[in-house]
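Containing PDB, C-alpha atoms: final-v2.pdb.
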ATOM      1  CA  MET A1151      18.985   2.494  -6.925
ATOM      2  CA  SER A1152      18.208   5.957  -8.364
ATOM      3  CA  ASN A1153      15.033   7.854  -7.494
ATOM      4  CA  ILE A1154      12.155   8.225  -9.928
ATOM      5  CA  LEU A1155      10.325  10.886  -7.893
ATOM      6  CA  GLU A1156      11.373  13.456  -5.301
ATOM      7  CA  VAL A1157       8.858  15.679  -3.554
ATOM      8  CA  LYS A1158      10.673  18.590  -1.922
ATOM      9  CA  ASN A1159       9.069  20.740   0.783
ATOM     10  CA  VAL A1160       5.702  20.892  -0.968
ATOM     11  CA  LEU A1161       3.204  23.292   0.564
ATOM     12  CA  LYS A1162      -0.417  23.373  -0.592
ATOM     13  CA  GLN A1163      -3.136  25.569   0.875
ATOM     14  CA  TYR A1164      -6.803  26.070   0.035
ATOM     15  CA  GLY A1165      -7.593  29.433   1.595
ATOM     16  CA  ASP A1166      -6.664  29.160   5.262
ATOM     17  CA  TYR A1167      -6.627  25.353   5.153
ATOM     18  CA  VAL A1168      -3.184  23.733   4.866
ATOM     19  CA  ALA A1169      -3.475  20.469   2.899
ATOM     20  CA  LEU A1170       0.267  19.755   2.737
ATOM     21  CA  ASN A1171       2.754  21.313   5.121
ATOM     22  CA  LYS A1172       6.186  21.286   3.451
ATOM     23  CA  VAL A1173       6.053  17.551   2.717
ATOM     24  CA  SER A1174       9.110  15.799   1.276
ATOM     25  CA  LEU A1175       9.156  12.234  -0.090
ATOM     26  CA  THR A1176      11.624  10.124  -2.064
ATOM     27  CA  LEU A1177      10.564   7.205  -4.290
ATOM     28  CA  ALA A1178      13.184   4.684  -5.342
ATOM     29  CA  ARG A1179      12.933   3.491  -8.941
ATOM     30  CA  GLY A1180      11.259   0.093  -9.294
ATOM     31  CA  SER A1181       9.668   0.105  -5.828
ATOM     32  CA  ILE A1182       6.129  -0.057  -4.470
ATOM     33  CA  TYR A1183       5.607   2.913  -2.174
ATOM     34  CA  GLY A1184       2.724   2.868   0.294
ATOM     35  CA  LEU A1185       1.190   6.315   0.786
ATOM     36  CA  LEU A1186      -0.822   6.061   3.983
ATOM     37  CA  GLY A1187      -2.919   8.354   6.126
ATOM     38  CA  PRO A1188      -6.437   8.907   7.469
ATOM     39  CA  ASN A1189      -9.109  10.586   5.379
ATOM     40  CA  GLY A1190      -8.263  14.255   4.937
ATOM     41  CA  ALA A1191      -4.568  13.764   5.708
ATOM     42  CA  GLY A1192      -3.361  15.289   2.426
ATOM     43  CA  LYS A1193      -2.728  12.183   0.306
ATOM     44  CA  THR A1194      -5.137  13.169  -2.464
ATOM     45  CA  SER A1195      -3.709  16.689  -2.619
ATOM     46  CA  LEU A1196      -0.231  15.230  -3.110
ATOM     47  CA  ILE A1197      -1.434  12.806  -5.784
ATOM     48  CA  ARG A1198      -3.175  15.631  -7.636
ATOM     49  CA  ILE A1199       0.054  17.654  -7.602
ATOM     50  CA  ILE A1200       2.070  14.742  -9.000
ATOM     51  CA  ASN A1201      -0.541  14.387 -11.758
ATOM     52  CA  GLN A1202      -0.366  18.163 -12.391
ATOM     53  CA  ILE A1203      -4.081  18.522 -11.748
ATOM     54  CA  THR A1204      -3.147  21.224  -9.240
ATOM     55  CA  MET A1205       0.146  22.970  -8.523
ATOM     56  CA  PRO A1206       1.978  23.388  -5.202
ATOM     57  CA  ASP A1207       2.071  26.823  -3.593
ATOM     58  CA  SER A1208       5.754  26.279  -2.882
ATOM     59  CA  GLY A1209       8.294  23.491  -3.082
ATOM     60  CA  SER A1210       9.015  21.306  -6.093
ATOM     61  CA  VAL A1211       8.546  17.864  -7.606
ATOM     62  CA  ILE A1212      11.389  16.184  -9.495
ATOM     63  CA  PHE A1213      10.413  13.403 -11.902
ATOM     64  CA  ASP A1214      13.143  11.160 -13.316
ATOM     65  CA  GLY A1215      15.791  13.771 -12.554
ATOM     66  CA  VAL A1216      13.914  16.709 -14.118
ATOM     67  CA  LYS A1217      11.471  19.212 -12.650
ATOM     68  CA  LEU A1218       7.942  17.933 -13.207
ATOM     69  CA  ASN A1219       6.464  19.322 -16.443
ATOM     70  CA  PRO A1220       3.516  18.644 -18.800
ATOM     71  CA  ASN A1221       5.586  16.259 -20.950
ATOM     72  CA  HIS A1222       5.683  13.833 -18.024
ATOM     73  CA  ILE A1223       1.943  13.134 -18.210
ATOM     74  CA  GLN A1224       2.509  10.332 -20.736
ATOM     75  CA  HIS A1225       4.925   8.642 -18.301
ATOM     76  CA  ILE A1226       2.435   8.556 -15.418
ATOM     77  CA  GLY A1227      -0.579   6.287 -15.008
ATOM     78  CA  TYR A1228      -3.258   7.179 -12.480
ATOM     79  CA  LEU A1229      -6.030   4.968 -11.127
ATOM     80  CA  PRO A1230      -8.179   7.318  -8.997
ATOM     81  CA  GLU A1231     -10.352   6.175  -6.108
ATOM     82  CA  GLU A1232     -13.316   7.873  -7.766
ATOM     83  CA  ARG A1233     -13.457   6.213 -11.169
ATOM     84  CA  GLY A1234     -13.632   8.477 -14.218
ATOM     85  CA  LEU A1235     -14.945   6.456 -17.171
ATOM     86  CA  TYR A1236     -17.688   7.705 -19.510
ATOM     87  CA  LYS A1237     -20.667   5.524 -18.641
ATOM     88  CA  SER A1238     -22.495   5.687 -21.972
ATOM     89  CA  MET A1239     -19.381   5.124 -24.121
ATOM     90  CA  LYS A1240     -18.406   1.662 -25.369
ATOM     91  CA  VAL A1241     -15.448   0.037 -23.622
ATOM     92  CA  GLY A1242     -13.195  -0.457 -26.646
ATOM     93  CA  GLU A1243     -13.852   2.973 -28.119
ATOM     94  CA  GLN A1244     -13.205   4.632 -24.767
ATOM     95  CA  CYS A1245      -9.969   2.719 -24.125
ATOM     96  CA  LEU A1246      -8.620   3.637 -27.568
ATOM     97  CA  TYR A1247      -9.475   7.301 -26.989
ATOM     98  CA  LEU A1248      -7.810   7.443 -23.555
ATOM     99  CA  ALA A1249      -4.730   5.552 -24.792
ATOM    100  CA  GLN A1250      -4.217   8.081 -27.593
ATOM    101  CA  LEU A1251      -4.430  10.904 -25.039
ATOM    102  CA  LYS A1252      -1.423   9.237 -23.373
ATOM    103  CA  GLY A1253       0.557   9.399 -26.611
ATOM    104  CA  LEU A1254      -0.042   5.961 -28.172
ATOM    105  CA  SER A1255      -0.918   5.626 -31.838
ATOM    106  CA  ARG A1256      -4.246   3.972 -32.581
ATOM    107  CA  ALA A1257      -2.459   0.850 -33.854
ATOM    108  CA  GLU A1258      -0.220   0.569 -30.774
ATOM    109  CA  ALA A1259      -3.192   1.235 -28.486
ATOM    110  CA  LYS A1260      -5.168  -1.566 -30.177
ATOM    111  CA  LYS A1261      -2.198  -3.916 -29.787
ATOM    112  CA  GLN A1262      -1.836  -3.159 -26.064
ATOM    113  CA  LEU A1263      -5.572  -3.426 -25.478
ATOM    114  CA  ASP A1264      -5.724  -6.821 -27.184
ATOM    115  CA  TYR A1265      -2.911  -7.955 -24.881
ATOM    116  CA  TRP A1266      -4.573  -6.746 -21.685
ATOM    117  CA  PHE A1267      -8.108  -7.820 -22.628
ATOM    118  CA  ASP A1268      -6.774 -11.298 -23.303
ATOM    119  CA  LYS A1269      -4.700 -11.364 -20.115
ATOM    120  CA  LEU A1270      -7.631 -10.310 -17.912
ATOM    121  CA  GLU A1271     -10.092 -12.481 -19.871
ATOM    122  CA  ILE A1272     -12.368  -9.601 -20.845
ATOM    123  CA  GLN A1273     -12.268 -10.008 -24.645
ATOM    124  CA  GLY A1274     -16.075  -9.972 -24.872
ATOM    125  CA  TRP A1275     -16.450  -6.542 -23.303
ATOM    126  CA  TRP A1276     -15.221  -4.463 -26.261
ATOM    127  CA  ASN A1277     -18.667  -3.345 -27.423
ATOM    128  CA  LYS A1278     -20.285  -3.102 -23.983
ATOM    129  CA  LYS A1279     -21.032   0.272 -22.441
ATOM    130  CA  ILE A1280     -19.486   1.061 -19.065
ATOM    131  CA  GLU A1281     -22.959   1.462 -17.561
ATOM    132  CA  GLU A1282     -23.639  -2.190 -18.449
ATOM    133  CA  LEU A1283     -20.722  -3.404 -16.332
ATOM    134  CA  SER A1284     -20.586  -4.170 -12.622
ATOM    135  CA  LYS A1285     -18.361  -2.049 -10.391
ATOM    136  CA  GLY A1286     -15.666  -4.725 -10.424
ATOM    137  CA  MET A1287     -15.826  -5.101 -14.209
ATOM    138  CA  ALA A1288     -15.531  -1.340 -14.690
ATOM    139  CA  GLN A1289     -12.596  -1.373 -12.295
ATOM    140  CA  LYS A1290     -10.770  -3.824 -14.570
ATOM    141  CA  ILE A1291     -11.250  -1.468 -17.500
ATOM    142  CA  GLN A1292      -9.958   1.462 -15.447
ATOM    143  CA  PHE A1293      -6.892  -0.604 -14.483
ATOM    144  CA  VAL A1294      -6.167  -1.393 -18.137
ATOM    145  CA  VAL A1295      -6.474   2.283 -19.122
ATOM    146  CA  CYS A1296      -4.034   3.160 -16.329
ATOM    147  CA  VAL A1297      -1.274   0.720 -17.331
ATOM    148  CA  LEU A1298      -1.501   0.125 -21.078
ATOM    149  CA  HIS A1299       0.865   2.962 -22.099
ATOM    150  CA  LYS A1300       3.607   1.385 -19.913
ATOM    151  CA  PRO A1301       4.208   4.414 -17.668
ATOM    152  CA  LYS A1302       7.326   4.791 -15.550
ATOM    153  CA  LEU A1303       5.202   5.793 -12.540
ATOM    154  CA  LEU A1304       1.860   4.256 -11.608
ATOM    155  CA  ILE A1305      -0.405   5.749  -8.951
ATOM    156  CA  PHE A1306      -3.047   3.393  -7.572
ATOM    157  CA  ASP A1307      -5.603   4.908  -5.192
ATOM    158  CA  GLU A1308      -7.582   2.098  -3.525
ATOM    159  CA  PRO A1309      -7.021  -0.241  -6.515
ATOM    160  CA  PHE A1310      -8.906  -3.202  -4.979
ATOM    161  CA  SER A1311     -12.146  -1.310  -4.354
ATOM    162  CA  GLY A1312     -15.073  -3.212  -5.890
ATOM    163  CA  PHE A1313     -13.152  -6.439  -6.475
ATOM    164  CA  ASP A1314     -14.062  -9.860  -5.113
ATOM    165  CA  PRO A1315     -11.154 -11.835  -3.561
ATOM    166  CA  VAL A1316     -10.341 -13.679  -6.808
ATOM    167  CA  ASN A1317     -10.044 -10.521  -8.909
ATOM    168  CA  ALA A1318      -8.275  -8.646  -6.116
ATOM    169  CA  SER A1319      -5.639 -11.386  -6.111
ATOM    170  CA  LEU A1320      -5.402 -11.187  -9.909
ATOM    171  CA  ILE A1321      -4.782  -7.431  -9.853
ATOM    172  CA  LYS A1322      -2.298  -7.804  -6.982
ATOM    173  CA  ASP A1323      -0.280 -10.238  -9.092
ATOM    174  CA  GLU A1324      -0.372  -7.817 -12.030
ATOM    175  CA  ILE A1325       0.881  -4.985  -9.806
ATOM    176  CA  LEU A1326       3.821  -7.137  -8.688
ATOM    177  CA  GLU A1327       4.548  -8.041 -12.307
ATOM    178  CA  LEU A1328       4.518  -4.363 -13.323
ATOM    179  CA  ARG A1329       7.103  -3.647 -10.634
ATOM    180  CA  LYS A1330       9.169  -6.584 -11.877
ATOM    181  CA  GLN A1331       9.100  -5.043 -15.353
ATOM    182  CA  GLY A1332      10.470  -1.757 -13.994
ATOM    183  CA  SER A1333       7.476   0.399 -13.081
ATOM    184  CA  THR A1334       7.492   2.394  -9.857
ATOM    185  CA  ILE A1335       4.188   2.340  -8.000
ATOM    186  CA  ILE A1336       2.558   4.669  -5.489
ATOM    187  CA  PHE A1337       0.001   2.618  -3.611
ATOM    188  CA  SER A1338      -2.565   4.547  -1.567
ATOM    189  CA  THR A1339      -4.982   2.454   0.476
ATOM    190  CA  HIS A1340      -6.662   1.924   3.824
ATOM    191  CA  ARG A1341      -6.235  -1.850   3.490
ATOM    192  CA  MET A1342      -3.214  -2.400   5.691
ATOM    193  CA  GLU A1343      -2.952  -6.098   4.844
ATOM    194  CA  SER A1344      -2.321  -5.093   1.215
ATOM    195  CA  VAL A1345       0.455  -2.748   2.346
ATOM    196  CA  GLU A1346       2.077  -5.645   4.222
ATOM    197  CA  GLU A1347       1.939  -7.826   1.100
ATOM    198  CA  LEU A1348       3.022  -5.334  -1.541
ATOM    199  CA  CYS A1349       5.004  -2.353  -0.284
ATOM    200  CA  ASP A1350       8.772  -1.894  -0.101
ATOM    201  CA  ASP A1351       8.581   1.587   1.439
ATOM    202  CA  ILE A1352       5.870   3.542   3.222
ATOM    203  CA  ALA A1353       5.082   7.096   4.238
ATOM    204  CA  LEU A1354       2.396   8.161   6.692
ATOM    205  CA  ILE A1355       0.817  11.601   6.316
ATOM    206  CA  HIS A1356      -1.459  12.974   9.032
ATOM    207  CA  LYS A1357      -3.021  16.432   9.257
ATOM    208  CA  SER A1358      -0.938  17.639   6.289
ATOM    209  CA  ASN A1359       2.403  16.547   7.824
ATOM    210  CA  LYS A1360       4.628  13.587   7.006
ATOM    211  CA  LEU A1361       5.125  11.632  10.216
ATOM    212  CA  ILE A1362       6.868   8.486   8.938
ATOM    213  CA  GLU A1363       8.873   7.515   5.871
ATOM    214  CA  GLY A1364      11.201   4.615   5.206
ATOM    215  CA  LYS A1365      11.592   1.017   4.184
ATOM    216  CA  LEU A1366       8.783  -1.074   5.629
ATOM    217  CA  ASP A1367      11.107  -3.357   7.593
ATOM    218  CA  ASP A1368      13.056  -0.400   9.002
ATOM    219  CA  VAL A1369       9.840   1.309  10.127
ATOM    220  CA  LYS A1370       8.748  -1.894  11.860
ATOM    221  CA  ARG A1371      12.088  -2.076  13.659
ATOM    222  CA  GLN A1372      11.540   1.450  14.968
ATOM    223  CA  PHE A1373       8.237   0.347  16.510
ATOM    224  CA  ARG A1374       9.254  -3.067  17.842
ATOM    225  CA  THR A1375       8.734  -3.449  21.592
ATOM    226  CA  ASN A1376      10.775  -6.599  22.263
ATOM    227  CA  SER A1377       7.551  -8.381  23.129
ATOM    228  CA  PHE A1378       6.848 -12.067  22.590
ATOM    229  CA  GLU A1379       3.624 -14.016  22.322
ATOM    230  CA  VAL A1380       3.941 -17.071  24.538
ATOM    231  CA  GLY A1381       1.760 -20.130  24.933
ATOM    232  CA  ILE A1382       2.620 -22.305  27.912
ATOM    233  CA  LEU A1383       1.089 -25.295  29.710
ATOM    234  CA  SER A1384       1.624 -25.463  33.447
ATOM    235  CA  ASP A1385       0.075 -27.201  36.456
ATOM    236  CA  ASP A1386       0.810 -24.167  38.656
ATOM    237  CA  THR A1387      -0.233 -21.010  36.833
ATOM    238  CA  GLU A1388       0.037 -18.832  39.936
ATOM    239  CA  THR A1389       3.704 -19.709  40.521
ATOM    240  CA  LEU A1390       4.465 -19.370  36.805
ATOM    241  CA  LEU A1391       3.061 -15.837  36.642
ATOM    242  CA  LYS A1392       4.839 -14.841  39.846
ATOM    243  CA  THR A1393       8.175 -16.130  38.516
ATOM    244  CA  LEU A1394       7.795 -14.332  35.194
ATOM    245  CA  GLY A1395       6.577 -11.128  36.827
ATOM    246  CA  GLN A1396       9.818 -10.800  38.808
ATOM    247  CA  ASN A1397      11.815 -10.074  35.633
ATOM    248  CA  TYR A1398       9.382  -9.239  32.850
ATOM    249  CA  LYS A1399       6.302  -7.215  32.038
ATOM    250  CA  VAL A1400       3.575  -9.821  31.537
ATOM    251  CA  VAL A1401      -0.006  -9.309  30.293
ATOM    252  CA  PRO A1402      -2.666 -11.752  29.068
ATOM    253  CA  THR A1403      -3.130 -11.892  25.297
ATOM    254  CA  ASN A1404      -4.942 -13.928  22.699
ATOM    255  CA  PHE A1405      -3.923 -15.713  19.507
ATOM    256  CA  LYS A1406      -5.261 -18.598  17.462
ATOM    257  CA  SER A1407      -4.224 -21.945  18.829
ATOM    258  CA  LEU A1408      -5.375 -25.558  18.961
ATOM    259  CA  ASN A1409      -4.219 -25.895  22.582
ATOM    260  CA  LYS A1410      -5.744 -24.712  25.860
ATOM    261  CA  GLU A1411      -2.514 -23.147  27.082
ATOM    262  CA  LEU A1412      -1.996 -19.970  29.045
ATOM    263  CA  LYS A1413      -1.506 -17.151  26.526
ATOM    264  CA  LEU A1414       0.759 -14.269  27.474
ATOM    265  CA  GLU A1415       2.505 -11.275  25.990
ATOM    266  CA  ILE A1416       5.906 -10.851  27.628
ATOM    267  CA  GLN A1417       8.093  -7.783  27.181
ATOM    268  CA  ILE A1418      11.722  -8.757  27.688
ATOM    269  CA  GLY A1419      13.350  -5.310  27.898
ATOM    270  CA  ASN A1420      17.126  -5.721  27.623
ATOM    271  CA  SER A1421      17.028  -9.482  28.154
ATOM    272  CA  SER A1422      17.530 -11.898  25.279
ATOM    273  CA  PRO A1423      14.842 -14.184  23.810
ATOM    274  CA  ASN A1424      17.033 -17.173  24.776
ATOM    275  CA  GLU A1425      16.961 -16.113  28.434
ATOM    276  CA  LEU A1426      13.178 -15.859  28.387
ATOM    277  CA  LEU A1427      12.851 -19.216  26.674
ATOM    278  CA  HIS A1428      15.135 -20.796  29.291
ATOM    279  CA  VAL A1429      12.948 -19.435  32.113
ATOM    280  CA  LEU A1430       9.778 -20.661  30.398
ATOM    281  CA  THR A1431      11.047 -24.197  29.921
ATOM    282  CA  GLN A1432      11.839 -24.380  33.652
ATOM    283  CA  VAL A1433       8.248 -23.626  34.672
ATOM    284  CA  GLY A1434       6.125 -25.269  31.989
ATOM    285  CA  GLN A1435       5.757 -26.718  28.502
ATOM    286  CA  VAL A1436       6.151 -24.048  25.797
ATOM    287  CA  THR A1437       3.654 -24.518  22.958
ATOM    288  CA  HIS A1438       4.019 -21.140  21.249
ATOM    289  CA  PHE A1439       6.863 -18.611  21.160
ATOM    290  CA  MET A1440       6.940 -15.780  18.648
ATOM    291  CA  GLU A1441       8.119 -12.191  18.586
ATOM    292  CA  LYS A1442       5.229  -9.766  18.264
ATOM    293  CA  ILE A1443       6.243  -7.763  15.193
ATOM    294  CA  PRO A1444       4.220  -4.546  14.886
ATOM    295  CA  SER A1445       1.897  -4.611  11.887
ATOM    296  CA  VAL A1446       1.385  -1.643   9.586
ATOM    297  CA  ASN A1447      -2.076  -1.364  11.099
ATOM    298  CA  ASP A1448      -0.569  -1.173  14.624
ATOM    299  CA  ILE A1449       1.919   1.485  13.500
ATOM    300  CA  PHE A1450      -0.809   3.483  11.712
ATOM    301  CA  ILE A1451      -3.105   3.545  14.744
ATOM    302  CA  LYS A1452      -0.343   4.261  17.254
ATOM    303  CA  THR A1453       1.141   7.130  15.213
ATOM    304  CA  VAL A1454      -2.162   8.790  14.339
ATOM    305  CA  SER A1455      -3.506   8.411  17.892
ATOM    306  CA  GLU A1456      -0.433   9.972  19.450
TER     307      GLU A1456
END
Take the structure in this file and express it as structure tokens.
Amino acid sequence: MSNILEVKNVLKQYGDYVALNKVSLTLARGSIYGLLGPNGAGKTSLIRIINQITMPDSGSVIFDGVKLNPNHIQHIGYLPEERGLYKSMKVGEQCLYLAQLKGLSRAEAKKQLDYWFDKLEIQGWWNKKIEELSKGMAQKIQFVVCVLHKPKLLIFDEPFSGFDPVNASLIKDEILELRKQGSTIIFSTHRMESVEELCDDIALIHKSNKLIEGKLDDVKRQFRTNSFEVGILSDDTETLLKTLGQNYKVVPTNFKSLNKELKLEIQIGNSSPNELLHVLTQVGQVTHFMEKIPSVNDIFIKTVSE
């Protein structure tokens, strides 16, 4: 799979403050790329550079095989965290205006808007002013403006902000459909459960430096601890814990269960899961046995904390 975007050693400073410290990223075409980091990490600075709102002090950005230039604006869609619609302007008029700024003719813009307004069931909003809409309703309009010119690269910064669960699910499905149709998506969010559901690749930026980049599954493998959540019923808990403690690191844990079993996290080291399971079945009745795969949230907190 070829790359749609390559960020190469990008440095960005504001006075003495370093916002990006020679950051490099690679986005595979047709993927959803999670751009993660705490507030102030440098994510917004990078997004602004990709959108050519600001320029890097050094380094380069390659878009679709060519150095990023003003002609690429029409191939990029940007949904900012801070929404930028004109509050006193009517929805339809504003959408037509913004679509034409992205290079669509008025007729093509009207055609695409009819499609999206119908798809998101917002046909009756055409003559409403943005200030008459709720935050979630305005967010739908901003989403439409971002995608209607069918850009090669979409940048979503906290796209589910302001949405109730039903509309958040609707937009999530549309994001997956856009990827299916060939768009590449940069997805910046603090909602780690959304990263788990949507992203193929992730990068973590902290204090202007890239700390992690890779396929989501590969990153999780790097952070796996060979630990298992175990639920076990036993008449002799003391003997059970003593037996396990001779070969494994064992700590109490908690997980949702319908049983009243003993709940443990067991780190197996170089042993195999089959060996652990064999030991467990000798000392009690196993009700739960599952590898503890690190979540994106776990990885985020561990990396930033360290």
Self-check item: Result set of the PyMOL selection byres ((chain A and resi 1391) around 12) on the coordinates above, as a list in words
Solution: Ile1382, Leu1383, Ser1384, Asp1385, Asp1386, Thr1387, Glu1388, Thr1389, Leu1390, Lys1392, Thr1393, Leu1394, Gly1395, Gln1396, Asn1397, Tyr1398, Lys1399, Val1400, Val1401, Pro1402, Leu1412, Lys1413, Leu1414, Glu1415, Ile1416, Val1429, Leu1430, Val1433 and Gly1434 of chain A
Exercise. Translate the PyMOL selection byres ((chain A and resi 1336-1349) around 9), as applied to the file shown, into an explicit residue set as a VMD selection string.
Key: chain A and resid 1177 1181 to 1188 1193 1303 to 1310 1322 1325 to 1326 1334 to 1335 1350 to 1352 1365 to 1366 1445 to 1447 1450
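For the pair atom CA of Val1380 of chain A and atom CA of Lys1452 of chain A, the interatomic distance is 22.9 Å.
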Box along x, y and z, 4 Å on every side, all listed atoms of segment 1301-1307 of chain A inside: centre and edge lengths in Å to one decimal, as JSON.
{"center_x": 0.9, "center_y": 4.6, "center_z": -11.4, "size_x": 20.9, "size_y": 10.4, "size_z": 20.5}
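Between atom CA of Gly1165 of chain A and atom CA of Asn1219 of chain A lies a distance of 25.0 Å.
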Practice problem: May I have the protein, DNA and RNA residues with any atom at most 9 Å from the point (-3.1, 26.1, -2.2), counting all atoms listed in the file, written as a list in words? | Solution: Leu1161, Lys1162, Gln1163, Tyr1164, Gly1165, Asp1166, Tyr1167, Val1168, Ala1169, Leu1170, Thr1204, Met1205, Pro1206, Asp1207 and Ser1208 of chain A
Quiz item: So how many Å separate atom CA of Ile1223 of chain A and atom CA of Leu1196 of chain A, to one decimal?
Solution: 15.4 Å
Quiz item: Given the file above and the PyMOL selection byres ((chain A and resi 1291) around 12), which residues are selected, and can you give them as a ChimeraX atom specification?
Solution: /A:1229,1233-1237,1240-1246,1248,1263,1266-1267,1270-1273,1275-1276,1278-1280,1283-1290,1292-1298,1309,1321
Quiz prompt | Long-range neighbours of segment 1216-1218 of chain A as a VMD selection string, 10 Å cut-off, all atoms listed in the file, 2 positions minimum in chain | solution = chain A and resid 1154 to 1157 1199 to 1202 1210 to 1214 1220 to 1223
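With all atoms listed in the file as the atoms that count, the minimum distance from Arg1179 of chain A to the choices A:Lys1330, A:Arg1374, A:Ser1311, A:Glu1324 is reached by A:Lys1330.
Nearest-residue note for Thr1453 of chain A: choosing from A:Phe1405, A:Gly1312, A:His1356, A:Gln1224, the minimum distance belongs to A:His1356, counting only C-alpha atoms.
Nearest to Asp1323 of chain A of all the residues A:Gly1227, A:Lys1269, A:Val1454, A:Glu1363 is A:Lys1269, counting only C-alpha atoms.
Nearest to Val1369 of chain A of all the residues A:Val1436, A:Leu1426, A:Ala1353, A:Val1160 is A:Ala1353, counting all atoms listed in the file.
With distances restricted to all atoms listed in the file, A:Leu1361 is the closest residue to Ile1449 of chain A from A:Ala1259, A:Leu1408, A:Leu1361, A:Leu1251.
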Exercise. Please provide as a ChimeraX atom specification all residues within 8 Å of His1225 of chain A, with the sequence filter that same-chain residues fewer than 4 positions apart are discarded (counting all atoms listed in the file).
Key: /A:1299-1303
